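Below you'll find the structure, written out as structure tokens, and then a few comments.
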Amino acid sequence: MQPLIDNARIFGQRPEEFAHLAEGQSPEVLFITCSDSRVVPALITGARPGELFELRTAGNVVPPHSIAHPTSEAATIEYAVEVLGVKEIVVCGHSHCGAVGAVVRGDDLSGVPAVRDWLAHACDEPKCADPTDKTVTEAVQNHVLTQVERLRSYPCVESRLADGRLRLHAWFYEVHTGTVREHRADTDSFEKL
């Protein structure tokens, strides 16, 4: 913890670099990714403060849209699209994902009931030919595509897609190499950016 505290002390010694952030935010991208500590959106993209609006959830799950049962995730998506006017949404899954791996393997999650219930509620089992693959690459990539499709069901996303003011992207980040791949519709595969 001490190195983090030391950096936070130094970080606040450059107020001139951050003063403009008090005027508000206008990020162009909503970046939806996993809560995993190995996935750092600003590091992956090189974004500066104010450039990404982030939504981090266990397993980068976008829950099904429901007016009857609003979620924090839905509120974040709606705010990003309707208030901030983001032009792009990236759903970024990653290799070695514990949440997706647990779903694919059928792990016993009784010791973490909130995680178990979240994944049961919000996560369809992704297609995976080899559930023993520690990277869970195929499962995560299929999972990301499912989350992108779920986004399309959100009314704010649907209307902005229809009039061309919004684009969706499916990314896969390899934690062991740093490589980022994007799904290409024409080849139906994840290819290096």
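Residue names in the structure tokens use chain letters A, B, ... in the order shown, residue numbers from 1 in each chain, and ligand numbers from 1 in the order shown.
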Just the residues within 12 Å of Leu30 (chain A), please, counting only C-alpha atoms, with nothing from its chain fewer than 5 positions along; format it as a ChimeraX atom specification.
/A:41-42,47,50-56,73,76-82,84-92,151,157,166-169
Need to verify the contact set: region 117-123 of chain A, 9 Å, only C-alpha atoms, exclusion of same-chain residues closer than 2 positions in sequence. Can you return it as a PyMOL selection string?
chain A and resi 58-59+61-64+99-100+103+109+112-115+125-126+143+147
Pull N, CA, C and O atoms from the residues just selected and write them as a CSV table (one decimal), in the first residue's frame.
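Full text of out_39.csv as output:
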```csv
chain,number,residue,atom,x,y,z
A,58,ALA,N,-17.6,-7.2,-12.5
A,58,ALA,CA,-17.1,-8.6,-12.5
A,58,ALA,C,-17.4,-9.3,-13.8
A,58,ALA,O,-18.6,-9.4,-14.2
A,59,GLY,N,-16.4,-9.7,-14.5
A,59,GLY,CA,-16.6,-10.3,-15.8
A,59,GLY,C,-17.0,-9.4,-16.9
A,59,GLY,O,-17.6,-9.9,-17.9
A,61,VAL,N,-19.6,-7.8,-17.4
A,61,VAL,CA,-20.9,-8.1,-17.7
A,61,VAL,C,-21.8,-6.9,-17.9
A,61,VAL,O,-21.8,-6.0,-17.1
A,62,VAL,N,-22.5,-6.9,-19.0
A,62,VAL,CA,-23.6,-5.9,-19.2
A,62,VAL,C,-24.9,-6.7,-19.0
A,62,VAL,O,-25.3,-7.6,-19.7
A,63,PRO,N,-25.6,-6.4,-17.9
A,63,PRO,CA,-26.8,-7.1,-17.5
A,63,PRO,C,-27.9,-6.8,-18.5
A,63,PRO,O,-27.9,-5.8,-19.2
A,64,PRO,N,-28.8,-7.7,-18.7
A,64,PRO,CA,-29.9,-7.5,-19.6
A,64,PRO,C,-30.7,-6.2,-19.1
A,64,PRO,O,-30.8,-5.9,-18.0
A,99,ALA,N,-14.0,-14.7,-13.6
A,99,ALA,CA,-15.5,-14.8,-13.7
A,99,ALA,C,-16.0,-15.7,-14.8
A,99,ALA,O,-16.8,-16.6,-14.6
A,100,VAL,N,-15.5,-15.5,-16.0
A,100,VAL,CA,-15.9,-16.3,-17.2
A,100,VAL,C,-15.4,-17.7,-17.0
A,100,VAL,O,-16.1,-18.7,-17.3
A,103,VAL,N,-17.7,-19.6,-14.7
A,103,VAL,CA,-19.0,-20.0,-15.4
A,103,VAL,C,-18.7,-21.2,-16.3
A,103,VAL,O,-19.5,-22.1,-16.3
A,109,LEU,N,-19.3,-21.7,-6.4
A,109,LEU,CA,-19.1,-20.3,-5.9
A,109,LEU,C,-19.9,-20.0,-4.6
A,109,LEU,O,-20.2,-18.9,-4.3
A,112,VAL,N,-18.7,-17.5,-2.2
A,112,VAL,CA,-18.8,-16.0,-2.6
A,112,VAL,C,-20.2,-15.9,-3.2
A,112,VAL,O,-20.4,-15.7,-4.5
A,113,PRO,N,-21.3,-15.8,-2.4
A,113,PRO,CA,-22.6,-15.8,-2.9
A,113,PRO,C,-23.0,-14.6,-3.7
A,113,PRO,O,-23.8,-14.8,-4.7
A,114,ALA,N,-22.4,-13.5,-3.5
A,114,ALA,CA,-22.7,-12.3,-4.3
A,114,ALA,C,-22.2,-12.5,-5.7
A,114,ALA,O,-22.9,-12.1,-6.7
A,115,VAL,N,-21.0,-13.0,-5.8
A,115,VAL,CA,-20.4,-13.3,-7.1
A,115,VAL,C,-21.3,-14.4,-7.8
A,115,VAL,O,-21.6,-14.2,-9.0
A,125,GLU,N,-23.9,-18.7,-20.1
A,125,GLU,CA,-22.7,-19.5,-20.3
A,125,GLU,C,-22.1,-19.4,-21.7
A,125,GLU,O,-22.8,-19.7,-22.7
A,126,PRO,N,-20.9,-18.8,-21.8
A,126,PRO,CA,-20.3,-18.6,-23.1
A,126,PRO,C,-19.9,-20.0,-23.8
A,126,PRO,O,-19.5,-20.9,-23.1
A,143,HIS,N,-18.2,-14.4,-24.9
A,143,HIS,CA,-18.8,-13.6,-23.8
A,143,HIS,C,-18.9,-12.1,-24.2
A,143,HIS,O,-19.9,-11.5,-24.0
A,147,GLN,N,-22.1,-9.6,-24.7
A,147,GLN,CA,-22.3,-8.3,-24.0
A,147,GLN,C,-22.6,-7.1,-25.0
A,147,GLN,O,-23.4,-6.3,-24.7
```
Residue with smallest distance to Gly93 (chain A) - pool A:Leu193, A:Ala8, A:Val29, A:Val180, counting only C-alpha atoms
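Using only C-alpha atoms, the shortest distance to Gly93 (chain A) belongs to A:Val180.
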Region 173-175 of chain A: which residues within 10 Å, counting only C-alpha atoms, same-chain residues fewer than 6 positions away excluded, as a PDB file with N, CA and C atoms, in the first residue's frame?
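Output saved as around_34.pdb:
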```pdb
ATOM      1  N   THR A  33     -15.247  -2.887 -18.984  1.00  0.00           N
ATOM      2  CA  THR A  33     -14.297  -3.977 -18.814  1.00  0.00           C
ATOM      3  C   THR A  33     -14.459  -4.613 -17.444  1.00  0.00           C
ATOM      4  N   ARG A  38      -5.527  -6.547 -13.351  1.00  0.00           N
ATOM      5  CA  ARG A  38      -4.533  -6.616 -14.434  1.00  0.00           C
ATOM      6  C   ARG A  38      -4.986  -5.872 -15.679  1.00  0.00           C
ATOM      7  N   VAL A  39      -6.233  -5.442 -15.691  1.00  0.00           N
ATOM      8  CA  VAL A  39      -6.792  -4.735 -16.846  1.00  0.00           C
ATOM      9  C   VAL A  39      -6.899  -3.261 -16.471  1.00  0.00           C
ATOM     10  N   ILE A  44      -3.797   0.596 -21.182  1.00  0.00           N
ATOM     11  CA  ILE A  44      -3.977  -0.101 -22.468  1.00  0.00           C
ATOM     12  C   ILE A  44      -4.159   0.881 -23.615  1.00  0.00           C
ATOM     13  N   CYS A  92     -14.476  -4.704 -23.378  1.00  0.00           N
ATOM     14  CA  CYS A  92     -13.160  -5.336 -23.419  1.00  0.00           C
ATOM     15  C   CYS A  92     -13.077  -6.467 -22.398  1.00  0.00           C
ATOM     16  N   GLY A  93     -13.038  -7.694 -22.896  1.00  0.00           N
ATOM     17  CA  GLY A  93     -12.801  -8.856 -22.052  1.00  0.00           C
ATOM     18  C   GLY A  93     -11.308  -9.139 -22.009  1.00  0.00           C
ATOM     19  N   HIS A  94     -10.917 -10.084 -21.191  1.00  0.00           N
ATOM     20  CA  HIS A  94      -9.483 -10.363 -21.075  1.00  0.00           C
ATOM     21  C   HIS A  94      -9.219 -11.835 -20.827  1.00  0.00           C
ATOM     22  N   SER A  95      -8.035 -12.257 -21.199  1.00  0.00           N
ATOM     23  CA  SER A  95      -7.615 -13.632 -20.959  1.00  0.00           C
ATOM     24  C   SER A  95      -7.519 -13.884 -19.462  1.00  0.00           C
ATOM     25  N   HIS A  96      -7.564 -15.141 -19.092  1.00  0.00           N
ATOM     26  CA  HIS A  96      -7.427 -15.547 -17.698  1.00  0.00           C
ATOM     27  C   HIS A  96      -8.495 -14.929 -16.799  1.00  0.00           C
ATOM     28  N   CYS A  97      -9.685 -14.702 -17.340  1.00  0.00           N
ATOM     29  CA  CYS A  97     -10.769 -14.066 -16.582  1.00  0.00           C
ATOM     30  C   CYS A  97     -11.365 -15.062 -15.592  1.00  0.00           C
ATOM     31  N   THR A 135      -6.466 -19.770 -20.279  1.00  0.00           N
ATOM     32  CA  THR A 135      -6.652 -18.401 -20.786  1.00  0.00           C
ATOM     33  C   THR A 135      -8.124 -18.099 -21.026  1.00  0.00           C
ATOM     34  N   THR A 137      -9.731 -18.049 -23.575  1.00  0.00           N
ATOM     35  CA  THR A 137      -9.809 -17.120 -24.698  1.00  0.00           C
ATOM     36  C   THR A 137     -11.106 -17.243 -25.473  1.00  0.00           C
ATOM     37  N   VAL A 140     -14.140 -16.138 -23.356  1.00  0.00           N
ATOM     38  CA  VAL A 140     -14.191 -14.693 -23.117  1.00  0.00           C
ATOM     39  C   VAL A 140     -14.580 -13.956 -24.388  1.00  0.00           C
ATOM     40  N   GLN A 141     -14.020 -14.359 -25.515  1.00  0.00           N
ATOM     41  CA  GLN A 141     -14.371 -13.686 -26.766  1.00  0.00           C
ATOM     42  C   GLN A 141     -15.858 -13.848 -27.080  1.00  0.00           C
ATOM     43  N   ARG A 181      -6.965  -7.316 -29.190  1.00  0.00           N
ATOM     44  CA  ARG A 181      -7.598  -7.764 -30.434  1.00  0.00           C
ATOM     45  C   ARG A 181      -9.009  -7.201 -30.495  1.00  0.00           C
ATOM     46  N   GLU A 182      -9.457  -6.895 -31.715  1.00  0.00           N
ATOM     47  CA  GLU A 182     -10.821  -6.405 -31.915  1.00  0.00           C
ATOM     48  C   GLU A 182     -11.574  -7.366 -32.819  1.00  0.00           C
ATOM     49  N   LYS A 192      -5.619  -8.546 -34.198  1.00  0.00           N
ATOM     50  CA  LYS A 192      -4.822  -7.506 -33.559  1.00  0.00           C
ATOM     51  C   LYS A 192      -5.225  -6.137 -34.063  1.00  0.00           C
TER      52      LYS A 192
END
```
List as a JSON list (two decimals) with N, CA, C and O atoms, in the first residue's frame the protein and nucleic acid residues near Thr132 (chain A), meaning an atom at most 10 Å away when only C-alpha atoms are counted, but skip any in the same chain fewer than 5 places from it.
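The resulting file, part_24.json, is reproduced below:
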```
[["chain", "number", "residue", "atom", "x", "y", "z"],
["A", 101, "GLY", "N", -14.16, -17.87, -16.51],
["A", 101, "GLY", "CA", -13.64, -19.21, -16.25],
["A", 101, "GLY", "C", -14.51, -19.98, -15.28],
["A", 101, "GLY", "O", -14.79, -21.17, -15.48],
["A", 104, "VAL", "N", -17.69, -21.12, -17.09],
["A", 104, "VAL", "CA", -17.40, -22.19, -18.06],
["A", 104, "VAL", "C", -17.11, -23.51, -17.36],
["A", 104, "VAL", "O", -17.57, -24.57, -17.79],
["A", 105, "ARG", "N", -16.36, -23.45, -16.28],
["A", 105, "ARG", "CA", -15.99, -24.67, -15.56],
["A", 105, "ARG", "C", -17.07, -25.15, -14.61],
["A", 105, "ARG", "O", -17.01, -26.26, -14.10]]
```
Among A:Trp171, A:Gly46, A:Tyr154, A:Gly106, Cys34 (chain A) is approached most closely, using only C-alpha atoms, by A:Trp171
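When only C-alpha atoms are used to compute distances to Asp124 (chain A), the closest of the residues A:Leu145, A:Cys156, A:Phe190, A:Ala68 turns out to be A:Leu145.
Closest approach to Ser153 (chain A) among A:Thr177, A:Gln13, A:Gln25, A:Ser66: A:Ser66, based on only C-alpha atoms.
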